[in-house]
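Source file target22.cif; content: mmCIF, C-alpha atoms and all ligand atoms.
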```
data_coords
#
loop_
_atom_site.label_atom_id
_atom_site.label_comp_id
_atom_site.auth_asym_id
_atom_site.auth_seq_id
_atom_site.Cartn_x
_atom_site.Cartn_y
_atom_site.Cartn_z
CA MET A 857 -7.14 -103.66 -142.16
CA ASN A 858 -4.47 -101.94 -140.13
CA CYS A 859 -1.59 -101.34 -142.61
CA LYS A 860 1.02 -101.30 -139.91
CA VAL A 861 -0.01 -104.75 -138.71
CA ALA A 862 -0.09 -106.05 -142.28
CA ASP A 863 3.48 -104.76 -142.67
CA ILE A 864 4.49 -106.79 -139.62
CA ILE A 865 3.31 -109.98 -141.34
CA SER A 866 5.37 -109.06 -144.42
CA LYS A 867 8.40 -108.34 -142.24
CA ALA A 868 8.04 -111.70 -140.48
CA ARG A 869 7.93 -113.47 -143.84
CA ALA A 870 10.95 -111.62 -145.16
CA THR A 871 13.21 -111.78 -142.11
CA GLN A 872 11.84 -114.38 -139.65
CA HIS A 873 12.37 -111.74 -136.97
CA LEU A 874 9.82 -109.73 -134.99
CA THR A 875 10.13 -107.67 -131.86
CA LYS A 876 8.03 -108.50 -128.82
CA GLN A 877 5.91 -105.40 -129.47
CA GLU A 878 5.29 -106.46 -133.08
CA ILE A 879 4.14 -109.89 -131.95
CA VAL A 880 1.83 -108.28 -129.37
CA SER A 881 0.35 -106.11 -132.15
CA LEU A 882 -0.39 -109.21 -134.24
CA LEU A 883 -1.91 -111.04 -131.29
CA GLY A 884 -4.05 -108.05 -130.37
CA ASP A 885 -5.53 -107.36 -133.81
CA ASN A 886 -8.21 -109.81 -134.90
CA ASP A 887 -8.88 -108.05 -138.22
CA ILE A 888 -5.68 -109.51 -139.64
CA ASN A 889 -6.36 -113.12 -138.68
CA ASP A 890 -7.21 -114.41 -142.17
CA ARG A 891 -4.11 -112.77 -143.59
CA LEU A 892 -1.96 -114.15 -140.78
CA PHE A 893 -3.27 -117.69 -141.24
CA ALA A 894 -2.79 -117.51 -145.03
CA ALA A 895 0.79 -116.28 -144.60
CA ALA A 896 1.56 -119.09 -142.14
CA ASP A 897 0.06 -121.62 -144.55
CA GLN A 898 2.27 -120.33 -147.36
CA VAL A 899 5.39 -120.37 -145.20
CA ARG A 900 4.53 -123.95 -144.19
CA ALA A 901 4.14 -124.96 -147.86
CA GLU A 902 7.42 -123.30 -148.89
CA ASN A 903 9.50 -124.73 -146.05
CA VAL A 904 8.08 -128.10 -145.01
CA GLY A 905 5.89 -128.96 -147.97
CA GLU A 906 2.51 -130.63 -148.37
CA ALA A 907 3.21 -133.87 -146.51
CA VAL A 908 1.80 -134.24 -142.99
CA HIS A 909 3.87 -136.29 -140.56
CA LEU A 910 1.95 -138.64 -138.30
CA ARG A 911 3.28 -139.51 -134.87
CA GLY A 912 1.45 -142.31 -133.05
CA LEU A 913 0.79 -141.35 -129.43
CA ILE A 914 0.97 -143.94 -126.63
CA GLU A 915 -0.30 -142.59 -123.29
CA PHE A 916 1.38 -145.17 -121.09
CA SER A 917 0.77 -143.92 -117.53
CA ASN A 918 -1.55 -141.36 -115.95
CA ILE A 919 0.33 -141.45 -112.64
CA CYS A 920 2.18 -138.23 -111.86
CA ARG A 921 4.27 -136.95 -108.97
CA GLN A 922 3.69 -133.32 -110.02
CA ASN A 923 0.73 -131.13 -109.21
CA CYS A 924 0.33 -128.70 -112.14
CA PHE A 925 -2.80 -126.66 -111.43
CA TYR A 926 -4.35 -127.13 -114.88
CA CYS A 927 -3.87 -130.87 -115.41
CA GLY A 928 -6.26 -133.72 -114.64
CA LEU A 929 -3.33 -136.08 -114.01
CA ARG A 930 -2.02 -133.94 -111.14
CA ARG A 931 -1.01 -135.87 -108.02
CA ASP A 932 -3.80 -134.50 -105.81
CA ASN A 933 -6.62 -135.38 -108.20
CA ALA A 934 -8.40 -138.26 -106.49
CA GLY A 935 -11.13 -138.17 -109.14
CA ILE A 936 -9.44 -140.39 -111.75
CA ARG A 937 -8.61 -144.07 -111.82
CA ARG A 938 -4.87 -144.44 -112.26
CA TYR A 939 -3.11 -146.87 -114.58
CA ARG A 940 0.35 -147.67 -115.84
CA LEU A 941 1.18 -150.00 -118.71
CA GLU A 942 3.68 -152.81 -118.32
CA PRO A 943 6.71 -152.51 -120.62
CA ASP A 944 5.48 -155.54 -122.62
CA THR A 945 2.11 -153.88 -123.20
CA ILE A 946 3.82 -150.71 -124.42
CA LEU A 947 5.89 -152.80 -126.83
CA ALA A 948 2.76 -154.62 -128.04
CA PHE A 949 1.04 -151.25 -128.72
CA ALA A 950 4.18 -150.08 -130.53
CA ALA A 951 4.21 -153.16 -132.77
CA LYS A 952 0.54 -152.58 -133.63
CA ALA A 953 1.23 -148.92 -134.38
CA LYS A 954 3.98 -149.98 -136.76
CA ALA A 955 1.51 -152.31 -138.48
CA TYR A 956 -0.83 -149.31 -138.97
CA GLY A 957 2.01 -147.57 -140.81
CA TYR A 958 3.40 -145.23 -138.13
CA LYS A 959 7.11 -144.45 -138.35
CA THR A 960 7.36 -142.36 -135.19
CA LEU A 961 5.88 -142.98 -131.77
CA VAL A 962 5.41 -140.48 -128.98
CA LEU A 963 5.58 -142.10 -125.54
CA GLN A 964 3.81 -139.79 -123.11
CA SER A 965 3.01 -140.06 -119.40
CA GLY A 966 2.83 -138.29 -116.10
CA GLU A 967 6.06 -138.18 -114.14
CA ASP A 968 5.81 -141.77 -112.91
CA ASP A 969 8.79 -143.12 -110.95
CA PHE A 970 7.83 -146.73 -111.70
CA TYR A 971 9.59 -146.25 -115.03
CA THR A 972 13.16 -146.33 -113.84
CA THR A 973 16.00 -145.62 -116.22
CA ASP A 974 16.52 -149.38 -116.70
CA ARG A 975 12.86 -149.97 -117.55
CA LEU A 976 12.77 -147.02 -119.92
CA GLN A 977 15.97 -148.11 -121.65
CA GLN A 978 14.45 -151.55 -122.13
CA ILE A 979 11.27 -150.04 -123.62
CA ILE A 980 13.23 -147.66 -125.86
CA SER A 981 15.51 -150.35 -127.24
CA GLY A 982 12.55 -152.67 -127.81
CA ILE A 983 10.83 -149.98 -129.88
CA LYS A 984 14.03 -149.07 -131.75
CA ALA A 985 14.36 -152.75 -132.68
CA LEU A 986 11.05 -152.32 -134.54
CA GLY A 987 12.71 -149.65 -136.69
CA LEU A 988 10.63 -146.78 -135.27
CA VAL A 989 11.69 -143.27 -134.26
CA ILE A 990 10.90 -142.40 -130.64
CA THR A 991 9.77 -139.17 -129.07
CA LEU A 992 9.64 -139.14 -125.28
CA SER A 993 7.29 -136.83 -123.38
CA ILE A 994 7.72 -137.88 -119.77
CA GLY A 995 8.57 -134.66 -118.00
CA GLU A 996 11.50 -133.28 -116.06
CA LYS A 997 14.46 -135.60 -115.47
CA SER A 998 18.14 -135.22 -114.64
CA ARG A 999 20.70 -134.72 -117.39
CA ALA A 1000 22.06 -138.22 -116.66
CA GLU A 1001 18.61 -139.73 -117.19
CA TYR A 1002 18.13 -137.86 -120.47
CA ALA A 1003 21.58 -139.06 -121.55
CA ALA A 1004 20.66 -142.67 -120.72
CA TYR A 1005 17.44 -142.54 -122.75
CA ARG A 1006 19.34 -141.02 -125.65
CA GLN A 1007 21.95 -143.74 -125.44
CA ALA A 1008 19.19 -146.34 -125.59
CA GLY A 1009 17.99 -144.75 -128.84
CA ALA A 1010 15.45 -142.02 -128.02
CA ASP A 1011 15.45 -139.49 -130.85
CA ARG A 1012 13.19 -136.66 -129.74
CA TYR A 1013 11.82 -135.12 -126.57
CA LEU A 1014 8.73 -132.99 -126.02
CA LEU A 1015 8.64 -130.73 -122.99
CA ARG A 1016 6.49 -127.65 -123.16
CA ILE A 1017 7.77 -124.63 -121.29
CA GLU A 1018 4.00 -124.10 -120.67
CA THR A 1019 4.57 -120.37 -120.07
CA THR A 1020 7.67 -118.18 -120.09
CA ASP A 1021 6.06 -115.84 -117.56
CA ARG A 1022 8.03 -116.81 -114.45
CA ARG A 1023 5.45 -115.54 -111.99
CA LEU A 1024 2.64 -117.33 -113.75
CA TYR A 1025 4.79 -120.46 -113.99
CA ALA A 1026 5.44 -120.37 -110.25
CA ALA A 1027 1.74 -119.83 -109.48
CA LEU A 1028 0.65 -122.85 -111.55
CA HIS A 1029 3.43 -125.35 -110.79
CA PRO A 1030 3.80 -125.91 -107.04
CA GLY A 1031 7.14 -127.48 -106.17
CA MET A 1032 8.53 -126.99 -109.69
CA SER A 1033 10.88 -124.34 -111.00
CA TRP A 1034 10.96 -122.50 -114.29
CA GLU A 1035 14.77 -122.55 -114.20
CA ASN A 1036 14.76 -126.34 -114.02
CA ARG A 1037 12.32 -126.53 -116.94
CA ARG A 1038 14.69 -124.41 -119.02
CA ARG A 1039 17.65 -126.50 -117.81
CA CYS A 1040 15.89 -129.63 -119.05
CA LEU A 1041 15.33 -128.13 -122.50
CA TRP A 1042 18.95 -127.02 -122.91
CA ASP A 1043 20.25 -130.36 -121.61
CA LEU A 1044 18.08 -132.14 -124.17
CA LYS A 1045 19.42 -129.93 -126.93
CA GLU A 1046 23.03 -130.49 -125.92
CA LEU A 1047 22.47 -134.25 -125.79
CA GLY A 1048 21.46 -134.23 -129.45
CA TYR A 1049 17.71 -134.75 -129.18
CA GLU A 1050 15.31 -133.10 -131.57
CA VAL A 1051 13.65 -130.88 -129.00
CA GLY A 1052 10.00 -129.95 -128.90
CA THR A 1053 8.50 -127.36 -126.63
CA GLY A 1054 5.34 -125.25 -126.56
CA CYS A 1055 2.90 -123.43 -124.35
CA LEU A 1056 -0.63 -123.34 -123.10
CA VAL A 1057 -2.72 -120.48 -124.48
CA GLY A 1058 -5.35 -118.81 -122.30
CA LEU A 1059 -3.99 -119.54 -118.84
CA PRO A 1060 -5.48 -117.30 -116.13
CA ASN A 1061 -3.66 -113.94 -116.00
CA GLN A 1062 -1.61 -114.72 -119.12
CA SER A 1063 -1.00 -111.50 -121.05
CA LEU A 1064 -0.37 -111.01 -124.78
CA GLU A 1065 3.14 -109.94 -123.77
CA ALA A 1066 3.67 -113.31 -122.08
CA LEU A 1067 2.51 -115.13 -125.22
CA ALA A 1068 4.87 -113.00 -127.32
CA ASP A 1069 7.70 -114.01 -124.96
CA ASP A 1070 6.69 -117.65 -125.42
CA ILE A 1071 7.06 -117.34 -129.20
CA LEU A 1072 10.43 -115.60 -128.83
CA PHE A 1073 11.48 -118.36 -126.45
CA PHE A 1074 10.70 -121.03 -129.09
CA GLN A 1075 12.97 -119.09 -131.43
CA GLU A 1076 15.71 -118.64 -128.82
CA LEU A 1077 15.73 -122.41 -128.25
CA ASP A 1078 15.57 -122.95 -132.02
CA ALA A 1079 12.94 -125.57 -131.23
CA ASP A 1080 12.69 -128.45 -133.68
CA MET A 1081 9.02 -128.91 -132.77
CA VAL A 1082 6.49 -126.57 -131.22
CA GLY A 1083 3.25 -128.00 -129.85
CA LEU A 1084 0.75 -125.60 -128.40
CA GLY A 1085 -2.92 -125.47 -127.70
CA PRO A 1086 -5.63 -123.89 -125.60
CA PHE A 1087 -5.75 -124.42 -121.87
CA ILE A 1088 -9.04 -126.26 -121.24
CA PRO A 1089 -10.33 -126.04 -117.64
CA ASN A 1090 -10.78 -129.35 -115.86
CA ALA A 1091 -13.40 -129.63 -113.08
CA ASP A 1092 -11.09 -131.92 -111.09
CA THR A 1093 -8.39 -129.23 -110.76
CA PRO A 1094 -7.93 -125.92 -108.91
CA LEU A 1095 -8.49 -124.07 -112.22
CA ARG A 1096 -12.00 -125.52 -112.62
CA SER A 1097 -13.63 -122.06 -112.76
CA ALA A 1098 -11.11 -120.45 -115.09
CA GLN A 1099 -12.24 -119.23 -118.48
CA GLY A 1100 -9.79 -121.22 -120.57
CA GLY A 1101 -8.14 -120.42 -123.88
CA SER A 1102 -9.80 -119.88 -127.23
CA PHE A 1103 -9.27 -121.79 -130.44
CA THR A 1104 -8.52 -118.60 -132.39
CA ALA A 1105 -5.92 -117.33 -129.93
CA SER A 1106 -4.14 -120.70 -130.03
CA LEU A 1107 -4.24 -120.69 -133.82
CA LYS A 1108 -2.73 -117.20 -133.87
CA VAL A 1109 0.15 -118.15 -131.57
CA MET A 1110 0.75 -121.19 -133.78
CA ALA A 1111 0.66 -119.18 -137.02
CA ILE A 1112 3.13 -116.57 -135.72
CA THR A 1113 5.38 -119.41 -134.55
CA ARG A 1114 5.35 -120.79 -138.10
CA LEU A 1115 6.37 -117.37 -139.50
CA LEU A 1116 9.34 -117.19 -137.12
CA LEU A 1117 10.36 -120.87 -137.23
CA PRO A 1118 9.60 -121.72 -140.87
CA ASP A 1119 11.10 -125.22 -140.90
CA ALA A 1120 9.99 -126.45 -137.46
CA ASN A 1121 7.59 -129.35 -137.07
CA ILE A 1122 4.33 -127.97 -135.71
CA PRO A 1123 1.47 -130.28 -134.74
CA ALA A 1124 -2.22 -129.62 -135.14
CA THR A 1125 -3.01 -130.53 -131.54
CA THR A 1126 -5.77 -132.58 -129.98
CA ALA A 1127 -6.78 -129.72 -127.68
CA MET A 1128 -7.45 -127.54 -130.74
CA GLU A 1129 -9.87 -130.14 -132.09
CA THR A 1130 -11.52 -130.37 -128.68
CA LEU A 1131 -12.58 -126.71 -129.04
CA ASN A 1132 -13.43 -126.86 -132.76
CA LYS A 1133 -14.62 -129.98 -134.56
CA ASN A 1134 -12.48 -129.09 -137.59
CA GLY A 1135 -9.65 -127.82 -135.39
CA ARG A 1136 -6.86 -129.99 -136.73
CA ILE A 1137 -7.76 -129.36 -140.38
CA ILE A 1138 -7.91 -125.62 -139.76
CA ALA A 1139 -4.56 -125.80 -137.94
CA LEU A 1140 -3.02 -127.76 -140.84
CA GLN A 1141 -4.17 -124.91 -143.10
CA SER A 1142 -2.73 -122.25 -140.78
CA GLY A 1143 0.85 -123.40 -140.38
CA ALA A 1144 0.80 -126.93 -138.90
CA ASN A 1145 2.41 -129.94 -140.61
CA VAL A 1146 2.13 -132.74 -138.02
CA ALA A 1147 -0.68 -134.72 -136.38
CA MET A 1148 -0.40 -137.07 -133.41
CA PRO A 1149 -3.18 -139.66 -133.56
CA ASN A 1150 -3.72 -141.76 -130.47
CA VAL A 1151 -2.51 -145.38 -130.74
CA THR A 1152 -3.29 -146.27 -127.12
CA GLU A 1153 -5.71 -149.19 -126.97
CA GLY A 1154 -8.81 -149.77 -124.86
CA GLU A 1155 -10.01 -147.82 -121.83
CA TYR A 1156 -6.66 -146.13 -121.16
CA ARG A 1157 -7.49 -143.30 -123.56
CA GLN A 1158 -10.44 -142.36 -121.36
CA LEU A 1159 -8.34 -142.53 -118.20
CA TYR A 1160 -5.69 -140.19 -119.61
CA ALA A 1161 -8.02 -137.35 -118.71
CA LEU A 1162 -6.05 -134.10 -118.93
CA TYR A 1163 -9.15 -132.01 -119.66
CA PRO A 1164 -12.82 -132.64 -120.54
CA GLY A 1165 -14.00 -133.28 -124.08
CA LYS A 1166 -10.74 -134.85 -125.27
CA ILE A 1167 -11.28 -136.31 -128.73
CA CYS A 1168 -10.91 -139.97 -129.75
CA ILE A 1169 -11.45 -141.41 -126.26
CA ASN A 1170 -13.90 -144.03 -127.55
CA ASP A 1171 -12.07 -144.76 -130.79
CA THR A 1172 -9.56 -147.41 -131.80
CA PRO A 1173 -6.08 -146.89 -133.29
CA ALA A 1174 -7.35 -148.29 -136.61
CA HIS A 1175 -10.26 -145.86 -136.68
CA CYS A 1176 -8.08 -142.86 -135.80
CA ARG A 1177 -5.53 -143.75 -138.46
CA GLY A 1178 -8.26 -143.87 -141.14
CA CYS A 1179 -9.93 -140.75 -139.78
CA ILE A 1180 -6.84 -138.54 -139.79
CA SER A 1181 -5.63 -139.83 -143.17
CA GLY A 1182 -9.06 -138.99 -144.62
CA LYS A 1183 -8.96 -135.48 -143.17
CA ILE A 1184 -5.46 -134.87 -144.55
CA THR A 1185 -6.28 -136.06 -148.07
CA SER A 1186 -9.58 -134.14 -148.05
CA ILE A 1187 -7.59 -130.88 -148.04
CA GLY A 1188 -5.24 -131.99 -150.82
CA ARG A 1189 -2.33 -132.87 -148.55
CA THR A 1190 -0.52 -136.20 -148.26
CA VAL A 1191 0.57 -138.44 -145.39
CA ALA A 1192 4.38 -138.39 -145.21
CA GLY A 1193 6.22 -141.67 -145.76
CA ASP A 1194 9.49 -140.71 -144.06
CA PHE A 1195 10.53 -140.35 -140.41
CA GLY A 1196 9.81 -136.63 -140.39
CA PHE A 1197 12.98 -135.21 -138.87
CA ARG A 1198 13.33 -131.45 -139.07
CA VAL A 1199 15.17 -130.37 -142.19
CA LYS A 1200 16.78 -127.03 -141.49
CA ARG A 1201 16.04 -125.00 -144.60
CA ALA A 1202 15.47 -121.52 -143.31
CA ALA A 1203 18.88 -120.70 -141.85
CA ALA A 1204 20.17 -119.17 -145.06
CA LYS A 1205 17.27 -116.74 -145.18
CA ARG A 1206 17.82 -115.34 -141.68
CA VAL A 1207 19.26 -111.86 -141.47
N1 LIG A 1301 4.03 -134.95 -117.83
C1 LIG A 1301 4.63 -134.52 -119.03
C2 LIG A 1301 4.77 -133.02 -119.06
O1 LIG A 1301 4.08 -132.35 -118.31
O2 LIG A 1301 5.58 -132.54 -119.87
C3 LIG A 1301 3.87 -134.99 -120.27
C4 LIG A 1301 2.40 -135.20 -120.12
S1 LIG A 1301 1.45 -133.71 -119.92
C5 LIG A 1301 -0.16 -134.37 -119.63
C6 LIG A 1301 1.35 -133.11 -121.61
C7 LIG A 1301 0.79 -131.72 -121.79
O3 LIG A 1301 -0.58 -131.70 -121.46
C8 LIG A 1301 1.38 -130.65 -120.92
O4 LIG A 1301 2.59 -130.16 -121.45
C9 LIG A 1301 0.27 -129.60 -120.86
O5 LIG A 1301 0.56 -128.47 -121.68
C10 LIG A 1301 -0.95 -130.35 -121.42
N2 LIG A 1301 -2.14 -130.17 -120.56
C11 LIG A 1301 -2.27 -130.56 -119.28
N3 LIG A 1301 -3.46 -130.13 -118.79
C12 LIG A 1301 -4.09 -129.45 -119.79
C13 LIG A 1301 -5.34 -128.75 -119.88
N4 LIG A 1301 -6.17 -128.66 -118.85
N5 LIG A 1301 -5.63 -128.17 -121.06
C14 LIG A 1301 -4.80 -128.26 -122.12
N6 LIG A 1301 -3.62 -128.92 -122.09
C15 LIG A 1301 -3.25 -129.49 -120.93
FE1 LIG A 1302 2.02 -134.25 -114.43
FE2 LIG A 1302 2.58 -133.36 -116.90
FE3 LIG A 1302 0.09 -133.16 -115.87
FE4 LIG A 1302 2.03 -131.62 -114.87
S1 LIG A 1302 1.20 -131.56 -117.00
S2 LIG A 1302 0.51 -132.80 -113.68
S3 LIG A 1302 3.79 -132.99 -115.03
S4 LIG A 1302 1.17 -135.03 -116.37
FE1 LIG A 1303 -9.36 -140.26 -133.63
FE2 LIG A 1303 -10.49 -138.87 -135.74
S1 LIG A 1303 -8.38 -139.08 -135.18
S2 LIG A 1303 -11.47 -140.29 -134.33
#
```
Take the structure in this file and express it as structure tokens.
Ligand code: SAM
Ligand code: SF4
Ligand code: FES
Amino acid sequence: MNCKVADIISKARATQHLTKQEIVSLLGDNDINDRLFAAADQVRAENVGEAVHLRGLIEFSNICRQNCFYCGLRRDNAGIRRYRLEPDTILAFAAKAKAYGYKTLVLQSGEDDFYTTDRLQQIISGIKALGLVITLSIGEKSRAEYAAYRQAGADRYLLRIETTDRRLYAALHPGMSWENRRRCLWDLKELGYEVGTGCLVGLPNQSLEALADDILFFQELDADMVGLGPFIPNADTPLRSAQGGSFTASLKVMAITRLLLPDANIPATTAMETLNKNGRIIALQSGANVAMPNVTEGEYRQLYALYPGKICINDTPAHCRGCISGKITSIGRTVAGDFGFRVKRAAAKRV
């Protein structure tokens, strides 16, 4: 093993600070992977404990006004059948999720203008009345819209930066701007949301330097949650022939993120399990402390087709709940019973 790289892991543990070049060295050296994953697992145990937080995911619309090059929901993809759930259906799914024991729901969709601020406020207050915590993941909105959702009771917001490489961002997101994406994240922070961000790993022309910048960006934002996973090419998109990201590279970015943001909530993502049948368990043993099982009912799971091979598309919420709980207990961890807000523990250790 390269001693210098091993020293970088020790430095990250001791100080929660690494330079861009140090992160690049970790990303570029695959001999240290086991040591990196073990260190991230330890930091996870010391800072966020053994309990795994479950967030029930409702995919409520696959209609999107944006055209991100990698995503199956992109506006120009004529190859999928579109759907949107009525507010009452979303509330019915939420009530069922509560009955399965979920305490937090993630409401995710394309950027679908059908859901006006009024409709979203109605959905949010209906779910809050059930006593659940709400994470929204519905894309870029104005500050006033974010403020209105917050006022209605939304607690958290997930918006991946996707990549901090501005040129790559511009190449993959026609009609969108990286500055606006950043603006959204800072608005969300200022409005008092718990803010989640993240990136795609393995985008075409994405360098190790760009991934290092992504990790430093998560730290700069002091993200409360960081969700990341491999880019998986979708045949219905312009990136159909791209190579895609690897499971190991995604796991490495996640593990380094855990070293630098010790008390953040970090999910073991669905895309990781798409590339490796034990992907979420391995992620939970390499720094992750959250899982987001699907609680969408019926055929909608299949229609929310971001990329091929997505897990759980033929399963029910009941099955997924049992499945993930079984996986978590099989590795000696527990399912958390609380709402799973970030508890800032690491600040005192920072130098
Ligand atoms: N529209 C919202 C947004 O973009 O923030 C939320 C829904 S979007 C489908 C959720 C995430 O899916 C994106 O942040 C993106 O990283 C991920 N995603 C889209 N296409 C993907 C692909 N081909 N492989 C892996 N992840 C993908
Ligand atoms: Fe729409 Fe989000 Fe997919 Fe982009 S990633 S096309 S914004 S659903
Ligand atoms: Fe859905 Fe395992 S979590 S089948």
For ligand LIG 1302 (chain A), collect every residue having any atom at a distance of at most 10 Å from a ligand atom (counting only C-alpha atoms and all ligand atoms); output as JSON, numbers by chain.
{"A": [917, 918, 919, 920, 921, 922, 923, 924, 925, 926, 927, 928, 929, 930, 931, 932, 933, 964, 965, 966, 967, 968, 993, 994, 995, 996, 1015, 1016, 1018, 1028, 1029, 1030, 1032, 1160, 1161, 1162]}
Measuring atom to atom with all atoms listed in the file, identify which of A:Ile1184, A:Cys1176, A:Leu1044, A:Ile936 is nearest to ligand LIG 1303 (chain A).
A:Cys1176
With distances taken over only C-alpha atoms and all ligand atoms, which residue among A:Leu941, A:Val880, A:Leu1131, A:Leu1115 lies nearest ligand LIG 1301 (chain A)?
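For ligand LIG 1301 (chain A), the nearest of the given residues is A:Leu1131.
Remark: for ligand LIG 1303 (chain A), the closest of the candidate residues A:Arg940, A:Leu910, A:Phe1103, A:His873 is A:Leu910 (distances computed over only C-alpha atoms and all ligand atoms).
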If you count only C-alpha atoms and all ligand atoms, which residues end up within 8 Å of ligand LIG 1303 (chain A), as a list of chain:residue names?
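Residues satisfying the distance criterion: A:Pro1149, A:Asn1150, A:Ile1167, A:Cys1168, A:Ile1169, A:Asp1171, A:Thr1172, A:Pro1173, A:His1175, A:Cys1176, A:Arg1177, A:Gly1178, A:Cys1179, A:Ile1180.
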Could you tell me how far atom CA of A:Ala1120 sits from atom CA of A:Arg1201, in Å to one decimal place?
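Atom CA of A:Ala1120 lies 9.5 Å from atom CA of A:Arg1201.
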Could you name the residues that touch A:Leu1107 at 10 Å or less, counting only C-alpha atoms, but leaving out those on the same chain fewer than 5 positions away, as a short mmCIF file (atom, residue, chain, number, x, y, z; two decimals) with C-alpha atoms, keeping the file's coordinate frame?
```
data_model
loop_
_atom_site.label_atom_id
_atom_site.label_comp_id
_atom_site.auth_asym_id
_atom_site.auth_seq_id
_atom_site.Cartn_x
_atom_site.Cartn_y
_atom_site.Cartn_z
CA ASN A 889 -6.36 -113.12 -138.68
CA LEU A 892 -1.96 -114.15 -140.78
CA PHE A 893 -3.27 -117.69 -141.24
CA VAL A 1057 -2.72 -120.48 -124.48
CA LEU A 1084 0.75 -125.60 -128.40
CA GLY A 1085 -2.92 -125.47 -127.70
CA PRO A 1086 -5.63 -123.89 -125.60
CA SER A 1102 -9.80 -119.88 -127.23
CA ILE A 1112 3.13 -116.57 -135.72
CA THR A 1113 5.38 -119.41 -134.55
CA ALA A 1124 -2.22 -129.62 -135.14
CA MET A 1128 -7.45 -127.54 -130.74
CA GLY A 1135 -9.65 -127.82 -135.39
CA ILE A 1138 -7.91 -125.62 -139.76
CA ALA A 1139 -4.56 -125.80 -137.94
CA SER A 1142 -2.73 -122.25 -140.78
CA GLY A 1143 0.85 -123.40 -140.38
CA ALA A 1144 0.80 -126.93 -138.90
#
```
For A:Leu988, which of A:Arg938, A:Arg900, A:Arg869, A:Arg1012 is the closest residue, counting all atoms listed in the file?
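So, comparing all the options, the nearest one is A:Arg1012.
Interatomic distance, atom CA of A:Ala1098 to atom CA of A:Glu915: 26.0 Å.
You will find atom C7 of ligand LIG 1301 (chain A) at 11.8 Å from atom CA of A:Gly1052.
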Selection: 9 Å around stretch 860-867 of chain A, all atoms listed in the file, excl. self and same-chain fewer than 5 positions, as a list in words:
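Using all atoms listed in the file, the neighbours found are Gln872, His873, Leu874, Glu878, Ile879, Ser881, Leu882, Asp885, Ile888, Arg891, Leu892, Ala895, Ile1112 and Leu1115 of chain A.
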Hey, can you spit out that residue selection with C-alpha atoms as a PDB file, in the frame of the given file?
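Wrote part-v6.pdb, looks like this:
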```
ATOM      1  CA  GLN A 872      11.840-114.380-139.650  1.00  0.00           C
ATOM      2  CA  HIS A 873      12.370-111.740-136.970  1.00  0.00           C
ATOM      3  CA  LEU A 874       9.820-109.730-134.990  1.00  0.00           C
ATOM      4  CA  GLU A 878       5.290-106.460-133.080  1.00  0.00           C
ATOM      5  CA  ILE A 879       4.140-109.890-131.950  1.00  0.00           C
ATOM      6  CA  SER A 881       0.350-106.110-132.150  1.00  0.00           C
ATOM      7  CA  LEU A 882      -0.390-109.210-134.240  1.00  0.00           C
ATOM      8  CA  ASP A 885      -5.530-107.360-133.810  1.00  0.00           C
ATOM      9  CA  ILE A 888      -5.680-109.510-139.640  1.00  0.00           C
ATOM     10  CA  ARG A 891      -4.110-112.770-143.590  1.00  0.00           C
ATOM     11  CA  LEU A 892      -1.960-114.150-140.780  1.00  0.00           C
ATOM     12  CA  ALA A 895       0.790-116.280-144.600  1.00  0.00           C
ATOM     13  CA  ILE A1112       3.130-116.570-135.720  1.00  0.00           C
ATOM     14  CA  LEU A1115       6.370-117.370-139.500  1.00  0.00           C
TER      15      LEU A1115
END
```
Between A:Val904, A:Ile983, A:Leu1095, A:Leu883, which residue has the minimum interatomic distance to ligand LIG 1301 (chain A), considering all atoms listed in the file?
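For ligand LIG 1301 (chain A), the nearest of the given residues is A:Leu1095.
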So, with only C-alpha atoms and all ligand atoms as the atoms that count, which of A:Asp1092, A:Asp1080, A:Glu1046, A:Asp1070 lies closest to ligand LIG 1301 (chain A)?
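Going through A:Asp1092, A:Asp1080, A:Glu1046, A:Asp1070 one by one, the smallest distance to ligand LIG 1301 (chain A) is for A:Asp1092.
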Excluding A:Ile979 and residues on its chain fewer than 3 positions from it, collect all residues at most 12 Å away from it, counting all atoms listed in the file, and give them as JSON, numbers by chain.
{"A": [916, 941, 942, 943, 944, 945, 946, 947, 948, 949, 950, 951, 963, 971, 972, 973, 974, 975, 976, 982, 983, 984, 985, 986, 990, 992, 1005, 1008, 1009, 1010]}
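Proximity to A:Trp1042 at 12 Å, evaluated using all atoms listed in the file and with sequence-adjacent residues fewer than 6 positions away removed, yields Glu996, Ser998, Arg999, Tyr1002, Tyr1013, Leu1015, Ile1017, Glu1035, Asn1036, Gly1048, Tyr1049, Glu1050, Val1051, Gly1052, Thr1053, Phe1073, Phe1074, Glu1076, Leu1077, Asp1078 and Ala1079 of chain A.
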Using only C-alpha atoms, please write the residues we just selected to a file, as a compact mmCIF listing (two decimals), keeping the file's coordinate frame.
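Output contents, as saved in again-v8.txt:
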```
# COMPACT_ATOMS: atom_id res chain seq x y z
CA GLU A 996 11.50 -133.28 -116.06
CA SER A 998 18.14 -135.22 -114.64
CA ARG A 999 20.70 -134.72 -117.39
CA TYR A 1002 18.13 -137.86 -120.47
CA TYR A 1013 11.82 -135.12 -126.57
CA LEU A 1015 8.64 -130.73 -122.99
CA ILE A 1017 7.77 -124.63 -121.29
CA GLU A 1035 14.77 -122.55 -114.20
CA ASN A 1036 14.76 -126.34 -114.02
CA GLY A 1048 21.46 -134.23 -129.45
CA TYR A 1049 17.71 -134.75 -129.18
CA GLU A 1050 15.31 -133.10 -131.57
CA VAL A 1051 13.65 -130.88 -129.00
CA GLY A 1052 10.00 -129.95 -128.90
CA THR A 1053 8.50 -127.36 -126.63
CA PHE A 1073 11.48 -118.36 -126.45
CA PHE A 1074 10.70 -121.03 -129.09
CA GLU A 1076 15.71 -118.64 -128.82
CA LEU A 1077 15.73 -122.41 -128.25
CA ASP A 1078 15.57 -122.95 -132.02
CA ALA A 1079 12.94 -125.57 -131.23
```
